[in-house]
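Enquirer: So I've got this file, protein_29.cif, and it contains mmCIF, C-alpha atoms:
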data_query
loop_
_atom_site.label_atom_id
_atom_site.label_comp_id
_atom_site.auth_asym_id
_atom_site.auth_seq_id
_atom_site.Cartn_x
_atom_site.Cartn_y
_atom_site.Cartn_z
CA MET D 25 6.96 15.08 18.81
CA ALA D 26 3.58 16.73 18.49
CA ASN D 27 1.74 14.18 20.63
CA ASN D 28 1.95 10.59 21.80
CA THR D 29 -1.29 9.11 20.50
CA MET D 30 0.64 6.38 18.66
CA GLY D 31 3.22 5.85 21.40
CA GLY D 32 4.31 2.22 21.75
CA LYS D 33 2.94 1.26 18.34
CA ILE D 34 4.97 -0.01 15.37
CA VAL D 35 4.03 1.03 11.85
CA LEU D 36 5.40 -0.46 8.61
CA VAL D 37 5.08 1.80 5.55
CA THR D 38 5.85 0.54 2.06
CA GLY D 39 6.70 3.19 -0.49
CA GLY D 40 7.81 5.36 2.41
CA THR D 41 10.59 7.26 0.63
CA ALA D 42 8.37 9.72 -1.27
CA GLY D 43 4.87 11.10 -1.69
CA ILE D 44 2.04 10.20 0.66
CA GLY D 45 4.00 7.30 2.15
CA GLU D 46 6.77 9.62 3.29
CA VAL D 47 4.29 12.15 4.68
CA ALA D 48 2.33 9.44 6.52
CA ALA D 49 5.56 8.08 8.01
CA ARG D 50 6.52 11.54 9.24
CA GLU D 51 3.14 12.35 10.77
CA LEU D 52 2.72 8.98 12.46
CA ALA D 53 6.22 9.39 13.90
CA ARG D 54 5.14 12.79 15.20
CA GLN D 55 2.34 10.97 16.99
CA GLY D 56 4.93 8.83 18.76
CA ALA D 57 4.94 5.67 16.65
CA LYS D 58 8.03 3.68 15.83
CA VAL D 59 7.97 3.80 12.04
CA VAL D 60 9.72 1.40 9.68
CA ILE D 61 9.76 2.47 6.05
CA VAL D 62 10.48 0.20 3.11
CA GLY D 63 12.60 1.49 0.24
CA ARG D 64 14.52 0.01 -2.66
CA ASN D 65 17.52 2.32 -2.99
CA PRO D 66 19.84 2.13 0.06
CA GLU D 67 21.24 5.66 -0.17
CA LYS D 68 17.92 7.33 -0.84
CA THR D 69 16.14 5.37 1.88
CA ALA D 70 18.79 6.12 4.49
CA GLY D 71 18.64 9.81 3.57
CA VAL D 72 14.85 9.90 3.87
CA VAL D 73 15.05 8.28 7.31
CA GLU D 74 17.45 10.96 8.54
CA ALA D 75 15.19 13.69 7.16
CA LEU D 76 12.12 12.11 8.76
CA ARG D 77 13.82 11.86 12.14
CA ALA D 78 14.72 15.55 11.99
CA ALA D 79 11.28 16.65 10.76
CA SER D 80 9.30 14.57 13.24
CA GLY D 81 11.53 14.94 16.28
CA ASN D 82 11.25 11.18 16.69
CA PRO D 83 14.45 9.11 16.46
CA GLN D 84 12.44 5.87 16.24
CA ILE D 85 12.34 5.76 12.45
CA GLU D 86 14.09 2.87 10.76
CA TYR D 87 14.12 1.21 7.37
CA LEU D 88 14.22 -2.11 5.56
CA LEU D 89 15.17 -2.61 1.92
CA ALA D 90 13.24 -4.62 -0.67
CA ASP D 91 12.19 -4.64 -4.30
CA LEU D 92 8.49 -5.19 -3.74
CA SER D 93 7.87 -6.28 -7.33
CA LEU D 94 9.60 -9.57 -6.50
CA LYS D 95 7.95 -12.29 -4.42
CA SER D 96 11.32 -13.45 -3.09
CA GLU D 97 12.07 -9.93 -1.84
CA VAL D 98 8.65 -9.56 -0.21
CA ARG D 99 9.16 -12.85 1.63
CA ARG D 100 12.61 -11.76 2.75
CA LEU D 101 11.23 -8.43 3.94
CA ALA D 102 8.54 -10.14 6.01
CA ALA D 103 11.06 -12.52 7.56
CA GLU D 104 13.51 -9.71 8.33
CA PHE D 105 10.79 -7.60 9.93
CA LYS D 106 9.72 -10.46 12.19
CA GLN D 107 13.32 -11.10 13.21
CA ARG D 108 13.71 -7.49 14.35
CA TYR D 109 10.28 -6.63 15.77
CA ASP D 110 7.83 -8.51 17.93
CA ARG D 111 4.67 -6.61 17.00
CA LEU D 112 3.06 -4.75 14.10
CA ASP D 113 0.22 -2.36 14.86
CA VAL D 114 -0.22 -0.82 11.41
CA LEU D 115 0.74 -2.18 7.99
CA LEU D 116 0.40 0.53 5.37
CA ASN D 117 0.50 -1.00 1.89
CA ASN D 118 1.31 2.11 -0.10
CA ALA D 119 4.01 1.15 -2.63
CA GLY D 120 2.87 1.09 -6.23
CA GLY D 121 3.50 2.44 -9.66
CA TYR D 122 2.21 3.27 -13.12
CA PHE D 123 3.92 1.74 -16.14
CA SER D 124 3.18 3.01 -19.63
CA GLN D 125 4.72 -0.03 -21.34
CA ARG D 126 4.18 -3.66 -20.45
CA GLN D 127 7.23 -5.14 -18.73
CA LEU D 128 7.99 -8.25 -16.75
CA THR D 129 9.66 -8.65 -13.39
CA ALA D 130 12.70 -10.88 -13.00
CA GLU D 131 10.24 -13.56 -11.87
CA GLY D 132 8.23 -13.33 -15.09
CA LEU D 133 5.14 -11.47 -13.84
CA GLU D 134 3.64 -8.35 -15.37
CA TYR D 135 5.11 -5.48 -13.36
CA THR D 136 1.94 -3.58 -12.38
CA PHE D 137 0.22 -6.77 -11.26
CA ALA D 138 3.28 -7.86 -9.28
CA LEU D 139 3.97 -4.53 -7.56
CA ASN D 140 0.51 -3.04 -7.12
CA HIS D 141 -1.41 -6.19 -6.22
CA LEU D 142 0.67 -9.27 -5.47
CA ASN D 143 2.98 -7.27 -3.21
CA TYR D 144 0.00 -6.21 -1.04
CA PHE D 145 -1.31 -9.76 -0.96
CA LEU D 146 1.95 -11.53 -0.17
CA LEU D 147 3.32 -9.03 2.33
CA THR D 148 0.07 -8.89 4.29
CA THR D 149 -0.55 -12.62 4.36
CA SER D 150 3.09 -13.19 5.35
CA MET D 151 2.57 -10.76 8.26
CA LEU D 152 -0.75 -12.14 9.47
CA ASP D 153 0.80 -14.05 12.37
CA VAL D 154 2.44 -10.98 13.90
CA LEU D 155 -0.51 -8.71 13.05
CA GLN D 156 -3.01 -10.98 14.75
CA ALA D 157 -0.72 -11.62 17.71
CA THR D 158 -0.38 -7.85 18.24
CA GLY D 159 -4.13 -7.43 18.62
CA GLN D 160 -6.26 -4.57 17.25
CA ALA D 161 -3.79 -4.16 14.40
CA ARG D 162 -4.74 -2.32 11.24
CA VAL D 163 -3.99 -3.06 7.58
CA ILE D 164 -4.45 -0.09 5.25
CA ASN D 165 -4.40 -0.61 1.49
CA VAL D 166 -3.90 2.45 -0.70
CA SER D 167 -6.19 1.96 -3.68
CA SER D 168 -7.55 4.67 -5.97
CA GLY D 169 -10.75 6.07 -7.41
CA ALA D 170 -9.34 4.78 -10.69
CA HIS D 171 -10.80 1.40 -9.73
CA VAL D 172 -14.31 2.60 -10.62
CA ALA D 173 -13.96 2.05 -14.37
CA ALA D 174 -11.97 -1.18 -14.06
CA ARG D 175 -13.02 -4.74 -14.77
CA LEU D 176 -10.84 -7.83 -14.55
CA ASN D 177 -10.37 -10.23 -17.44
CA PHE D 178 -9.42 -13.41 -15.65
CA GLU D 179 -8.45 -14.99 -18.97
CA ASP D 180 -5.77 -12.31 -19.45
CA LEU D 181 -5.07 -11.12 -15.91
CA GLN D 182 -1.51 -10.05 -16.73
CA ASN D 183 -2.52 -8.26 -19.92
CA GLU D 184 -0.50 -10.25 -22.43
CA ARG D 185 -3.02 -9.71 -25.22
CA LYS D 186 -3.80 -6.05 -24.66
CA TYR D 187 -1.94 -3.46 -22.59
CA SER D 188 -2.91 0.09 -21.68
CA GLY D 189 -0.96 1.67 -18.84
CA TRP D 190 -3.95 3.44 -17.32
CA ALA D 191 -6.33 0.50 -17.73
CA VAL D 192 -3.83 -1.88 -16.12
CA TYR D 193 -3.18 0.57 -13.27
CA SER D 194 -6.94 0.89 -12.71
CA GLN D 195 -7.31 -2.89 -12.66
CA SER D 196 -4.60 -3.15 -10.01
CA LYS D 197 -6.47 -0.65 -7.85
CA LEU D 198 -9.63 -2.76 -8.20
CA MET D 199 -7.56 -5.75 -7.09
CA ASN D 200 -6.53 -3.80 -3.98
CA ILE D 201 -10.20 -3.46 -3.02
CA TYR D 202 -11.01 -7.08 -3.78
CA PHE D 203 -8.10 -8.06 -1.56
CA THR D 204 -9.23 -5.72 1.22
CA TYR D 205 -12.77 -7.03 1.30
CA GLU D 206 -11.82 -10.68 1.00
CA LEU D 207 -9.14 -10.47 3.70
CA ALA D 208 -11.60 -8.70 6.01
CA ARG D 209 -13.98 -11.62 5.54
CA ARG D 210 -11.28 -14.14 6.40
CA VAL D 211 -9.47 -12.69 9.45
CA ASN D 212 -10.64 -12.57 13.03
CA HIS D 213 -11.61 -9.60 15.17
CA CYS D 214 -7.97 -8.96 16.18
CA LEU D 215 -7.29 -7.28 12.83
CA THR D 216 -9.03 -4.65 10.69
CA VAL D 217 -8.48 -4.17 6.96
CA ASN D 218 -9.56 -1.09 5.03
CA ALA D 219 -8.83 0.55 1.67
CA LEU D 220 -8.70 4.17 0.66
CA HIS D 221 -8.56 6.60 -2.21
CA PRO D 222 -5.94 9.25 -1.40
CA GLY D 223 -7.27 11.77 -3.90
CA ARG D 224 -5.51 13.00 -7.02
CA VAL D 225 -2.08 13.61 -5.57
CA GLY D 226 0.83 15.27 -7.39
CA THR D 227 3.55 12.65 -6.79
CA ASP D 228 6.30 10.94 -8.82
CA ILE D 229 4.14 8.01 -9.93
CA PHE D 230 4.60 8.82 -13.65
CA LYS D 231 8.14 10.13 -13.53
CA ALA D 232 10.21 6.94 -13.67
CA ASN D 233 8.24 5.39 -16.52
CA LEU D 234 7.63 8.45 -18.64
CA PRO D 235 11.15 9.93 -18.58
CA VAL D 236 10.43 12.63 -21.13
CA LEU D 237 6.85 13.56 -20.35
CA GLY D 238 6.82 12.39 -16.74
CA PRO D 239 8.17 15.57 -15.07
CA LEU D 240 5.89 17.73 -17.24
CA LEU D 241 2.91 15.51 -16.50
CA LYS D 242 3.70 15.65 -12.80
CA TRP D 243 3.83 19.47 -12.98
CA MET D 244 0.50 19.62 -14.83
CA VAL D 245 -1.18 17.17 -12.46
CA ALA D 246 0.18 19.07 -9.44
CA ARG D 247 -1.59 22.22 -10.59
CA VAL D 248 -4.99 20.56 -10.08
CA SER D 249 -4.08 18.05 -7.39
CA LEU D 250 -3.74 17.67 -3.67
CA THR D 251 -0.32 18.01 -2.13
CA PRO D 252 1.18 14.80 -0.68
CA GLU D 253 0.40 16.28 2.76
CA GLU D 254 -3.28 16.63 1.86
CA GLY D 255 -3.34 13.21 0.21
CA ALA D 256 -1.85 11.54 3.26
CA ASP D 257 -4.60 12.79 5.59
CA ASN D 258 -6.85 9.82 4.79
CA THR D 259 -4.02 7.36 5.40
CA ILE D 260 -3.05 8.93 8.73
CA PHE D 261 -6.70 8.94 9.79
CA LEU D 262 -7.12 5.21 9.12
CA ALA D 263 -3.83 4.42 10.83
CA SER D 264 -4.37 6.37 14.02
CA SER D 265 -7.92 7.59 14.60
CA PRO D 266 -10.00 5.99 17.36
CA GLU D 267 -13.03 6.68 15.13
CA VAL D 268 -12.22 3.68 12.95
CA GLU D 269 -11.22 1.26 15.69
CA GLY D 270 -12.93 -2.06 14.95
CA VAL D 271 -14.12 -0.92 11.50
CA THR D 272 -13.12 -3.37 8.78
CA GLY D 273 -13.75 -4.22 5.14
CA LYS D 274 -14.51 -0.62 4.15
CA TYR D 275 -13.39 1.99 1.61
CA TYR D 276 -12.64 5.58 2.58
CA VAL D 277 -12.35 8.87 0.71
CA ASN D 278 -11.54 12.13 2.51
CA LYS D 279 -11.77 10.35 5.87
CA ARG D 280 -15.33 9.32 5.08
CA LEU D 281 -16.77 5.90 4.50
CA VAL D 282 -18.05 5.63 0.92
CA HIS D 283 -19.17 2.89 -1.43
CA SER D 284 -16.60 1.53 -3.84
CA SER D 285 -17.71 0.47 -7.32
CA ALA D 286 -20.39 -2.16 -7.81
CA ALA D 287 -17.81 -4.40 -9.51
CA SER D 288 -15.56 -4.26 -6.43
CA THR D 289 -18.23 -5.96 -4.30
CA ASN D 290 -18.39 -9.07 -6.52
CA LEU D 291 -17.71 -11.96 -4.13
CA VAL D 292 -17.05 -14.47 -6.89
CA ASP D 293 -14.37 -12.31 -8.50
CA ALA D 294 -12.77 -11.45 -5.17
CA ARG D 295 -12.47 -15.11 -4.25
CA ARG D 296 -11.22 -16.02 -7.71
CA LEU D 297 -8.49 -13.37 -7.46
CA TRP D 298 -7.61 -14.66 -3.98
CA ALA D 299 -7.25 -18.22 -5.29
CA ILE D 300 -5.03 -17.07 -8.17
CA SER D 301 -2.89 -15.05 -5.78
CA VAL D 302 -2.52 -18.04 -3.48
CA ALA D 303 -1.42 -20.20 -6.41
CA LEU D 304 1.13 -17.61 -7.61
CA THR D 305 2.64 -17.14 -4.16
CA GLY D 306 2.57 -20.78 -3.06
CA LEU D 307 0.62 -19.94 0.08
CA GLU D 308 -2.06 -22.09 1.63
CA GLY D 309 -5.53 -20.83 0.76
#
Represent the structure from my file as structure tokens, please.
Expert:
Amino acid sequence: MANNTMGGKIVLVTGGTAGIGEVAARELARQGAKVVIVGRNPEKTAGVVEALRAASGNPQIEYLLADLSLKSEVRRLAAEFKQRYDRLDVLLNNAGGYFSQRQLTAEGLEYTFALNHLNYFLLTTSMLDVLQATGQARVINVSSGAHVAARLNFEDLQNERKYSGWAVYSQSKLMNIYFTYELARRVNHCLTVNALHPGRVGTDIFKANLPVLGPLLKWMVARVSLTPEEGADNTIFLASSPEVEGVTGKYYVNKRLVHSSAASTNLVDARRLWAISVALTGLEG
């Protein structure tokens, strides 16, 4: 291991089998953390864990399996984590996707909304007890600069009337920031919550849902994009740097505090989205 700055800490990384999630898991393990990644495919996830152990020199990398588009799976994941581990120092909400066509989950929710927003909301709120008990824990929500052009239509939040893959993705990234700011307002000083834009990163986000053009689009984007290693820098910084200890309810780009869009600071919309999310997950508000 390169150093032990994260020694004794436990980090949970969703979307940890590829892209910036995988890189963040590797680098935080190199800093001495015990890292638990969440994947959906058992064989792929187990293989990534073995590769991460070898690359980081840290055997303390483990995994849990869940389809994070499903509320039932997110709840099971949270329960399984708490059965196995007694603390959680960093929760990195990184899993997400882009979907060119509107589709529903097995639970009847629009897929982007379910995976990119409700997953963050439900997993984090389900983990609040262990996060707050750990003390000085950090929640990091991977959003995107795509949120800047987004607005939410609360009368059609799951885009039944009109669907555009990029617009819906951008809306989900705005939801990530609403969630970050509202959670920061609600939790005590034992927990910090921040969001970030990782930069334009050449990952597999388009590949699964654009089977013909996806690989080509990934190649084209990669020519003008950050590598996953570069894109993960911001995430690693928020997870491990003493510079951001105690900082909460903020948005970071390139390891710098910046202002998110004017729309993202709307308290009424943030609280309305929170109330809708509570109703959809059956949690207490």
Enquirer: Given the file shown, enumerate the residues that the PyMOL selection byres ((chain D and resi 91) around 10) captures and present them as a ChimeraX atom specification.
Expert: /D:62-65,89-90,92-98,101,139,143
Enquirer: Running the PyMOL selection byres ((chain D and resi 27) around 12) on this model by hand, what would come out? Give it as an mmCIF file with C-alpha atoms, in the frame of the given file.
Expert:
data_model
loop_
_atom_site.group_PDB
_atom_site.id
_atom_site.type_symbol
_atom_site.label_atom_id
_atom_site.label_comp_id
_atom_site.auth_asym_id
_atom_site.auth_seq_id
_atom_site.Cartn_x
_atom_site.Cartn_y
_atom_site.Cartn_z
ATOM 1 C CA MET D 25 6.960 15.080 18.810
ATOM 2 C CA ALA D 26 3.580 16.730 18.490
ATOM 3 C CA ASN D 28 1.950 10.590 21.800
ATOM 4 C CA THR D 29 -1.290 9.110 20.500
ATOM 5 C CA MET D 30 0.640 6.380 18.660
ATOM 6 C CA GLY D 31 3.220 5.850 21.400
ATOM 7 C CA GLU D 51 3.140 12.350 10.770
ATOM 8 C CA LEU D 52 2.720 8.980 12.460
ATOM 9 C CA ALA D 53 6.220 9.390 13.900
ATOM 10 C CA ARG D 54 5.140 12.790 15.200
ATOM 11 C CA GLN D 55 2.340 10.970 16.990
ATOM 12 C CA GLY D 56 4.930 8.830 18.760
ATOM 13 C CA ALA D 57 4.940 5.670 16.650
ATOM 14 C CA SER D 80 9.300 14.570 13.240
ATOM 15 C CA GLY D 81 11.530 14.940 16.280
ATOM 16 C CA ASN D 82 11.250 11.180 16.690
ATOM 17 C CA SER D 264 -4.370 6.370 14.020
#
Enquirer: Write out as a list in words the residues lying within 9 Å of Leu307 in chain D, counting all atoms listed in the file and excluding same-chain residues fewer than 3 positions away.
Expert: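 Listed by chain and then number, they are Leu146, Thr149, Ser150, Ser301, Val302, Ala303 and Leu304 of chain D.
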Enquirer: Please write the residues picked by the PyMOL selection byres ((chain D and resi 190) around 9) on this file as a list of chain:residue names.
Expert: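 When the PyMOL selection byres ((chain D and resi 190) around 9) is applied, the selected residues are D:Tyr122, D:Phe123, D:Ser124, D:Ala170, D:Tyr187, D:Ser188, D:Gly189, D:Ala191, D:Val192, D:Tyr193, D:Ser194, D:Gln195.
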Enquirer: Between D:Arg280, D:Val35, D:Gln125, D:Ile44, which is the closest to Lys186 in chain D once you count only C-alpha atoms?
Expert: D:Gln125
Enquirer: Near Ser288 in chain D, counting only C-alpha atoms, which residues have an atom at most 8 Å away, once you skip same-chain residues fewer than 5 positions from it, shown as a list of chain:residue names?
Expert: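 The residues satisfying every condition are D:Leu198, D:Ile201, D:Tyr202, D:Ala294.
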Enquirer: For Leu155 in chain D, list every protein, DNA or RNA residue within 8 Å, evaluated using only C-alpha atoms, and leave out those in the same chain fewer than 6 positions away; present the list as JSON, numbers by chain.
Expert: {"D": [111, 112, 113, 161, 162, 215]}
Enquirer: What does the distance from CA of Val60 in chain D to CA of Asp110 in chain D come to in Å, to one decimal?
Expert: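 Computed distance, CA of Val60 in chain D to CA of Asp110 in chain D, equals 13.0 Å.
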Enquirer: When distances are computed from all atoms listed in the file, which of D:Val59, D:Asn183, D:Ala102, D:Thr38 shows the smallest separation from Ala119 in chain D?
Expert: D:Thr38
Enquirer: Separation of CA of Ala157 in chain D and CA of Gly45 in chain D, in Å?
Expert: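 Atom-to-atom, CA of Ala157 in chain D to CA of Gly45 in chain D, that is 24.9 Å.
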Enquirer: Pick out the closest residue to Lys274 in chain D from this set: D:Glu134, D:Asp180, D:Glu74, D:Glu206. Count all atoms listed in the file.
Expert: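 Residue with the minimum atom-to-atom distance to Lys274 in chain D: D:Glu206.
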Enquirer: Expressed in Å to a single decimal, how great is the separation between CA of Leu176 in chain D and CA of Arg296 in chain D?
Expert: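 Going from CA of Leu176 in chain D over to CA of Arg296 in chain D covers 10.7 Å.
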